[in-house]
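Notes to accompany the following structure.
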Amino acid sequence: MRPIAQTERTQLHRLPKRGTYTREAVYSILDEGLVCHVGFVADGTPFVIPTAYAHHGDTLYIHGSAASRMLRALGGGAEACITITVLDGLVLARSAFHHSMNYRSVVILGRGRLVEEPSEKLLALEWITEHLVPGRWKDVRHPSTQEMKATAVLAFALEEASAKIRTGPPMDDEEDYALNAWAGVLPLTLAKGEPIRDVRLPPEIQVPGYVSAYDRSRVSSEKVQAAEEKSNARSNFEAIRFP
């Protein structure tokens, strides 16, 4: 994959060693995350709204009510700052000052494109659904004409973005290593609970496999592997055709 070009706005100035601009790193975080926070300004007031998303190739899609303030502002050309974070653990240091978190995060900057072509709009809604629960789209009723009219979809090119990642143990001041306080990392993961049946669900309808086996980290790993295989296949093809 071609790297994401660094810009003045995406270049990390504090702890730059934690930053990365590879699409592989950015896309793996997007694949595992579930919620993005969209920052924008409407009528002079800043807002940050959490919403679902999906990325397909080099494009990130979000959707919502066509009447919502966020979709109207962004569809009208307002610039957005979109962030996604995956929390991996709490870092407990010997001093309060050096407590931290292990995380993987992405910041995306840019203006959205209102998706008006019907087939791309429907595909974007499918991608968002599949990003949340892979395998779900084939089991549910697809949006009606009226629902499509009531829904707005925005596409953001992933051309100005960066990832920031922290891993590892706490970094204490040397003199604090002698303190009698436990230190280390408390790992955190997103884990599913037991599925709760809707009260009006017929008893003969069983929990589908994609629900009982739901695992965000596995979803991310499978997407990364598929992308790598696709990239390798393309490279091999080009090597054959253009030695």
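In the structure tokens, chains take the letters A, B, ... in the order shown, each chain's residues start at 1, and ligands count up from 1 in the order shown.
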
Kindly provide the residues of segment 64-139 of chain A that approach segment 162-171 of chain A to within 8 Å, each paired with its closest atom pair and their distance in Å to one decimal, based on only C-alpha atoms, listed by chain and increasing number, as a tab-separated table.
residue	atom	partner	partner_atom	distance
A:Val91	CA	A:Pro170	CA	5.8
A:Leu92	CA	A:Pro170	CA	6.4
A:Ala93	CA	A:Pro170	CA	5.2
A:His98	CA	A:Met171	CA	6.7
A:His99	CA	A:Pro170	CA	7.0
A:Ser100	CA	A:Pro170	CA	7.4
A:Met101	CA	A:Arg166	CA	7.3
A:Asn102	CA	A:Arg166	CA	4.9
A:Tyr103	CA	A:Arg166	CA	5.4
A:Arg104	CA	A:Ile165	CA	4.5
A:Ser105	CA	A:Lys164	CA	5.3
A:Val106	CA	A:Ala163	CA	4.3
A:Val107	CA	A:Ser162	CA	5.5
A:Ile108	CA	A:Ser162	CA	6.8

**OP:** Could you please write out, as a ChimeraX atom specification, every residue of segment 46-170 of chain A that DSSP assigns to strand (DSSP E or B)?
**Re:** /A:46-56,59-65,79-92,100-111,113-114,151-157,161-166

**OP:** Would you return as a VMD selection string the members of segment 16-105 of chain A that DSSP assigns to helix (DSSP H, G or I) on this structure's backbone?
**Re:** chain A and resid 16 to 18 23 to 32 69 to 75

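Interatomic distance, atom CA of Leu186 of chain A against atom CA of Tyr53 of chain A: 28.3 Å.
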